[in-house]
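Novice: For reference, the file protein39.pdb (PDB, C-alpha atoms) is included below:
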```
ATOM      1  CA  MET A   1      -2.488 -24.357 -32.652
ATOM      2  CA  LYS A   2      -1.633 -23.113 -29.162
ATOM      3  CA  ASN A   3      -3.630 -20.538 -27.217
ATOM      4  CA  GLN A   4      -2.451 -17.042 -28.166
ATOM      5  CA  ASN A   5      -4.387 -15.285 -25.405
ATOM      6  CA  TYR A   6      -2.283 -16.311 -22.409
ATOM      7  CA  LEU A   7      -0.987 -13.991 -19.692
ATOM      8  CA  SER A   8       2.514 -12.586 -19.905
ATOM      9  CA  TRP A   9       4.774 -13.182 -16.892
ATOM     10  CA  ASP A  10       4.264  -9.566 -15.801
ATOM     11  CA  GLN A  11       0.475  -9.934 -16.040
ATOM     12  CA  TYR A  12       0.547 -13.229 -14.172
ATOM     13  CA  PHE A  13       2.703 -12.026 -11.282
ATOM     14  CA  MET A  14       0.951  -8.667 -10.931
ATOM     15  CA  GLY A  15      -2.319 -10.605 -11.009
ATOM     16  CA  ILE A  16      -1.090 -12.707  -8.089
ATOM     17  CA  ALA A  17      -0.156  -9.497  -6.222
ATOM     18  CA  LEU A  18      -3.617  -8.038  -6.940
ATOM     19  CA  LEU A  19      -5.326 -11.215  -5.792
ATOM     20  CA  SER A  20      -3.199 -11.244  -2.611
ATOM     21  CA  ALA A  21      -4.228  -7.646  -1.921
ATOM     22  CA  GLN A  22      -7.819  -8.870  -1.671
ATOM     23  CA  ARG A  23      -6.886 -10.574   1.625
ATOM     24  CA  SER A  24      -6.185  -7.193   3.246
ATOM     25  CA  LYS A  25      -8.743  -5.907   5.738
ATOM     26  CA  ASP A  26      -7.511  -2.330   5.427
ATOM     27  CA  PRO A  27     -10.563  -0.246   4.483
ATOM     28  CA  HIS A  28      -8.444   2.424   2.750
ATOM     29  CA  THR A  29      -5.598   0.718   0.887
ATOM     30  CA  GLN A  30      -5.218  -2.956  -0.009
ATOM     31  CA  VAL A  31      -1.693  -3.830  -1.123
ATOM     32  CA  GLY A  32      -0.370  -7.147  -2.399
ATOM     33  CA  ALA A  33       3.095  -8.406  -3.288
ATOM     34  CA  CYS A  34       4.512 -11.418  -5.109
ATOM     35  CA  ILE A  35       8.210 -12.418  -5.073
ATOM     36  CA  VAL A  36       9.551 -14.465  -7.986
ATOM     37  CA  ASP A  37      12.930 -15.869  -8.920
ATOM     38  CA  SER A  38      14.780 -15.532 -12.211
ATOM     39  CA  ASP A  39      13.161 -18.767 -13.439
ATOM     40  CA  ASN A  40       9.674 -17.250 -13.017
ATOM     41  CA  ARG A  41       8.833 -19.339  -9.975
ATOM     42  CA  ILE A  42       6.702 -17.759  -7.261
ATOM     43  CA  LEU A  43       8.658 -17.761  -4.029
ATOM     44  CA  SER A  44       6.299 -15.886  -1.717
ATOM     45  CA  VAL A  45       3.286 -13.591  -1.500
ATOM     46  CA  GLY A  46       2.046 -11.088   1.058
ATOM     47  CA  TYR A  47      -0.528  -8.405   1.749
ATOM     48  CA  ASN A  48      -0.850  -5.551   4.210
ATOM     49  CA  GLY A  49      -2.363  -6.548   7.524
ATOM     50  CA  MET A  50      -1.910  -6.826  11.260
ATOM     51  CA  PRO A  51       0.960  -8.953  12.571
ATOM     52  CA  ARG A  52       0.140 -12.570  13.318
ATOM     53  CA  GLY A  53      -1.684 -12.804  16.639
ATOM     54  CA  CYS A  54      -2.788  -9.152  16.678
ATOM     55  CA  SER A  55      -6.556  -9.139  16.312
ATOM     56  CA  ASP A  56      -7.937  -7.402  13.245
ATOM     57  CA  ASP A  57     -10.817  -6.280  15.463
ATOM     58  CA  GLU A  58      -8.693  -4.981  18.353
ATOM     59  CA  TYR A  59      -6.288  -2.707  16.474
ATOM     60  CA  PRO A  60      -7.267   0.469  14.614
ATOM     61  CA  TRP A  61      -7.709   0.702  10.843
ATOM     62  CA  GLY A  62      -8.124   4.486  10.679
ATOM     63  CA  ASN A  63      -5.675   6.713   8.853
ATOM     64  CA  THR A  64      -6.319  10.000  10.663
ATOM     65  CA  GLY A  65      -6.236  11.167  14.257
ATOM     66  CA  GLU A  66      -3.910  10.482  17.164
ATOM     67  CA  GLU A  67      -0.982   8.359  15.977
ATOM     68  CA  LEU A  68      -1.650   5.467  18.374
ATOM     69  CA  GLN A  69      -5.237   5.333  17.115
ATOM     70  CA  THR A  70      -4.237   4.891  13.459
ATOM     71  CA  LYS A  71      -3.117   1.818  11.549
ATOM     72  CA  TYR A  72       0.354   3.139  10.757
ATOM     73  CA  LEU A  73       2.133   1.901  13.876
ATOM     74  CA  TYR A  74       0.621  -1.576  13.623
ATOM     75  CA  VAL A  75       0.103  -2.753  10.040
ATOM     76  CA  CYS A  76       2.758  -4.902   8.395
ATOM     77  CA  HIS A  77       3.180  -3.901   4.737
ATOM     78  CA  ALA A  78       2.696  -6.363   1.892
ATOM     79  CA  GLU A  79       6.344  -6.241   0.810
ATOM     80  CA  LEU A  80       7.610  -7.014   4.317
ATOM     81  CA  ASN A  81       5.012  -9.741   4.742
ATOM     82  CA  SER A  82       6.108 -11.365   1.488
ATOM     83  CA  LEU A  83       9.702 -11.382   2.752
ATOM     84  CA  LEU A  84       8.673 -12.786   6.131
ATOM     85  CA  ASN A  85       6.432 -15.423   4.506
ATOM     86  CA  TYR A  86       9.349 -16.780   2.456
ATOM     87  CA  SER A  87      10.480 -20.116   3.858
ATOM     88  CA  GLY A  88      13.578 -20.597   1.693
ATOM     89  CA  THR A  89      17.110 -19.482   2.360
ATOM     90  CA  ASP A  90      17.994 -17.014  -0.389
ATOM     91  CA  LEU A  91      16.167 -14.263  -2.276
ATOM     92  CA  LYS A  92      19.270 -12.863  -3.938
ATOM     93  CA  GLY A  93      18.442 -11.636  -7.421
ATOM     94  CA  ALA A  94      14.681 -12.116  -7.036
ATOM     95  CA  SER A  95      12.001  -9.702  -8.229
ATOM     96  CA  ILE A  96       9.005  -8.351  -6.355
ATOM     97  CA  TYR A  97       5.720  -7.369  -7.960
ATOM     98  CA  THR A  98       3.814  -4.971  -5.744
ATOM     99  CA  THR A  99       0.620  -3.023  -6.185
ATOM    100  CA  LEU A 100       2.083   0.059  -4.447
ATOM    101  CA  PHE A 101       5.641   1.418  -4.559
ATOM    102  CA  PRO A 102       7.481   0.262  -1.409
ATOM    103  CA  CYS A 103       8.087   2.628   1.502
ATOM    104  CA  ASN A 104      11.564   3.303   2.884
ATOM    105  CA  GLU A 105      11.205   0.701   5.651
ATOM    106  CA  CYS A 106      10.181  -2.064   3.260
ATOM    107  CA  THR A 107      12.929  -0.975   0.875
ATOM    108  CA  LYS A 108      15.554  -1.504   3.577
ATOM    109  CA  ALA A 109      14.254  -5.047   4.067
ATOM    110  CA  LEU A 110      14.158  -5.678   0.288
ATOM    111  CA  ILE A 111      17.783  -4.539   0.023
ATOM    112  CA  GLN A 112      18.857  -6.758   2.900
ATOM    113  CA  ALA A 113      17.081  -9.736   1.328
ATOM    114  CA  GLY A 114      18.836  -9.264  -2.032
ATOM    115  CA  ILE A 115      15.828  -8.256  -4.162
ATOM    116  CA  LYS A 116      17.089  -6.853  -7.490
ATOM    117  CA  ASN A 117      13.901  -5.799  -9.301
ATOM    118  CA  VAL A 118      10.767  -3.988  -8.167
ATOM    119  CA  ILE A 119       7.770  -3.890 -10.481
ATOM    120  CA  TYR A 120       5.051  -1.656  -9.069
ATOM    121  CA  MET A 121       1.539  -0.766 -10.149
ATOM    122  CA  ASP A 122       0.923   2.520  -8.346
ATOM    123  CA  ASP A 123       3.221   5.259  -7.056
ATOM    124  CA  LYS A 124       0.614   7.490  -5.420
ATOM    125  CA  TYR A 125       3.012   8.535  -2.636
ATOM    126  CA  ALA A 126       5.876   9.391  -5.019
ATOM    127  CA  THR A 127       6.502  12.826  -3.510
ATOM    128  CA  THR A 128       6.558  11.692   0.132
ATOM    129  CA  ALA A 129       9.845  11.529   2.011
ATOM    130  CA  SER A 130       9.366   7.786   2.495
ATOM    131  CA  VAL A 131       9.194   6.970  -1.234
ATOM    132  CA  VAL A 132      11.841   9.523  -2.220
ATOM    133  CA  ALA A 133      14.162   7.868   0.322
ATOM    134  CA  ALA A 134      13.194   4.411  -0.963
ATOM    135  CA  LYS A 135      14.107   5.331  -4.538
ATOM    136  CA  ARG A 136      17.359   6.923  -3.379
ATOM    137  CA  MET A 137      18.342   3.691  -1.603
ATOM    138  CA  MET A 138      17.321   1.543  -4.569
ATOM    139  CA  ASP A 139      19.376   3.731  -6.892
ATOM    140  CA  SER A 140      22.380   3.466  -4.553
ATOM    141  CA  VAL A 141      22.384  -0.324  -4.478
ATOM    142  CA  GLY A 142      21.342  -0.948  -8.082
ATOM    143  CA  ILE A 143      17.801  -2.196  -7.585
ATOM    144  CA  ASN A 144      15.890  -1.787 -10.829
ATOM    145  CA  TYR A 145      12.372  -0.459 -10.468
ATOM    146  CA  ARG A 146       9.774   0.067 -13.112
ATOM    147  CA  LYS A 147       6.098   0.790 -13.385
ATOM    148  CA  TYR A 148       3.916  -2.085 -14.462
ATOM    149  CA  GLU A 149       2.534  -1.500 -17.959
ATOM    150  CA  PHE A 150      -1.158  -2.229 -18.313
ATOM    151  CA  LYS A 151      -2.145  -4.102 -21.460
ATOM    152  CA  ASP A 152      -5.934  -3.647 -21.250
ATOM    153  CA  ARG A 153      -6.388  -7.238 -20.164
ATOM    154  CA  GLU A 154      -9.260  -8.345 -17.953
ATOM    155  CA  VAL A 155      -9.467 -11.613 -16.106
ATOM    156  CA  HIS A 156     -12.668 -12.603 -14.334
ATOM    157  CA  LEU A 157     -12.627 -15.015 -11.414
ATOM    158  CA  ASN A 158     -15.725 -16.492  -9.839
ATOM    159  CA  LEU A 159     -14.692 -17.584  -6.396
TER     160      LEU A 159
END
```
I'd like the structure from this file rewritten - as structure tokens, please.

Specialist:
Amino acid sequence: MKNQNYLSWDQYFMGIALLSAQRSKDPHTQVGACIVDSDNRILSVGYNGMPRGCSDDEYPWGNTGEELQTKYLYVCHAELNSLLNYSGTDLKGASIYTTLFPCNECTKALIQAGIKNVIYMDDKYATTASVVAAKRMMDSVGINYRKYEFKDREVHLNL
């Protein structure tokens, strides 16, 4: 008899996004993303962090104060990183699993790349202009987005 306690595709891909988020050095918000194709193959992953070559120690991680002294002008979001980390030629019709609903800037990049489905874990910035604009754009171009449904499943990893 086969194992009945295996992960669903949603659990597996959101798990990969959550694990990717653990690479982030952001002390306030760690975000991960996982892009998959229609055959359930992982195409790319990403997490929020400084651009390649920009020292994690040199740039600010704060989220308050003078704009140039905060992370917001420097950090590359998980969704954008997952797009930039993709080494193939076409993401048309792919899905992205992300631990936080994408901002408007990442949404523009997702649209341009051909992403068709967004599965997100948290929408804590739902009322901000950035996320309202993101949803408006997704609605305009027919990107499906849905909240990830927790199934009370725990997975323990000893790394």

Novice: Using all atoms listed in the file, which residue out of A:Asn3, A:Tyr148, A:Cys76, A:Arg23 lies closest to Arg52 (chain A)?

Specialist: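 Among A:Asn3, A:Tyr148, A:Cys76, A:Arg23, it is A:Cys76 that comes nearest to Arg52 (chain A).
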
Novice: Restricting the calculation to only C-alpha atoms, which member of A:Asn117, A:Thr128, A:Thr98, A:Ser44 is positioned closest to Val141 (chain A)?

Specialist: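 Distance minimum relative to Val141 (chain A) lands on A:Asn117.
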
Novice: Anything within 10 Å of (12.9, -6.9, -0.1): list those residues as a PyMOL selection string, counting only C-alpha atoms and sticking to the file's coordinates.

Specialist: chain A and resi 35+79-84+91-92+94-96+102+105-118

Novice: One decimal, in Å: what's the spacing between CA of Lys124 (chain A) and CA of Ala17 (chain A)?

Specialist: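 Taking CA of Lys124 (chain A) as the start and CA of Ala17 (chain A) as the end point, the length is 17.0 Å.
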
Novice: Select, from A:Asn104, A:Gly62, A:Asn85, A:Leu159, the residue with the minimum atom-to-atom distance to Ala133 (chain A), counting all atoms listed in the file.

Specialist: A:Asn104

Novice: Give the answer as one residue: which of A:Asp139, A:Tyr72, A:Cys103, A:Glu149 has the shortest atom-to-atom distance to Asp10 (chain A), using only C-alpha atoms?

Specialist: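 Of the candidates, the smallest distance to Asp10 (chain A) is held by A:Glu149.
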
Novice: Please return the centre and edge lengths, in Å to one decimal, of a box with edges along x, y and z that contains all listed atoms of region 128-145 of chain A, widened by 4 Å on every side, as AutoDock Vina command-line options.

Specialist:
```
--center_x 14.5 --center_y 4.7 --center_z -4.2 --size_x 23.8 --size_y 21.9 --size_z 21.3
```

Novice: Which value, in Å to one decimal, gives the distance between CA of Val45 (chain A) and CA of His77 (chain A)?

Specialist: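 Those two atoms sit 11.5 Å apart.
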
Novice: Please indicate the distance in Å from CA of Asn144 (chain A) to CA of Thr127 (chain A), rounded to one decimal place.

Specialist: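 Atom-to-atom, CA of Asn144 (chain A) and CA of Thr127 (chain A) are spaced 18.8 Å apart.
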
Novice: Nearest to Asp56 (chain A): which of A:Leu157, A:Val75, A:Cys34, A:Val132 is it, counting all atoms listed in the file?

Specialist: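 Checking each candidate against Asp56 (chain A), we get A:Val75 as the closest.
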
Novice: What do you get, as JSON, numbers by chain, if you spell out every residue that the PyMOL selection byres ((chain A and resi 30) around 10) selects here?

Specialist: {"A": [18, 20, 21, 22, 23, 24, 25, 26, 27, 28, 29, 31, 32, 47, 48, 49, 77, 78, 99, 100]}
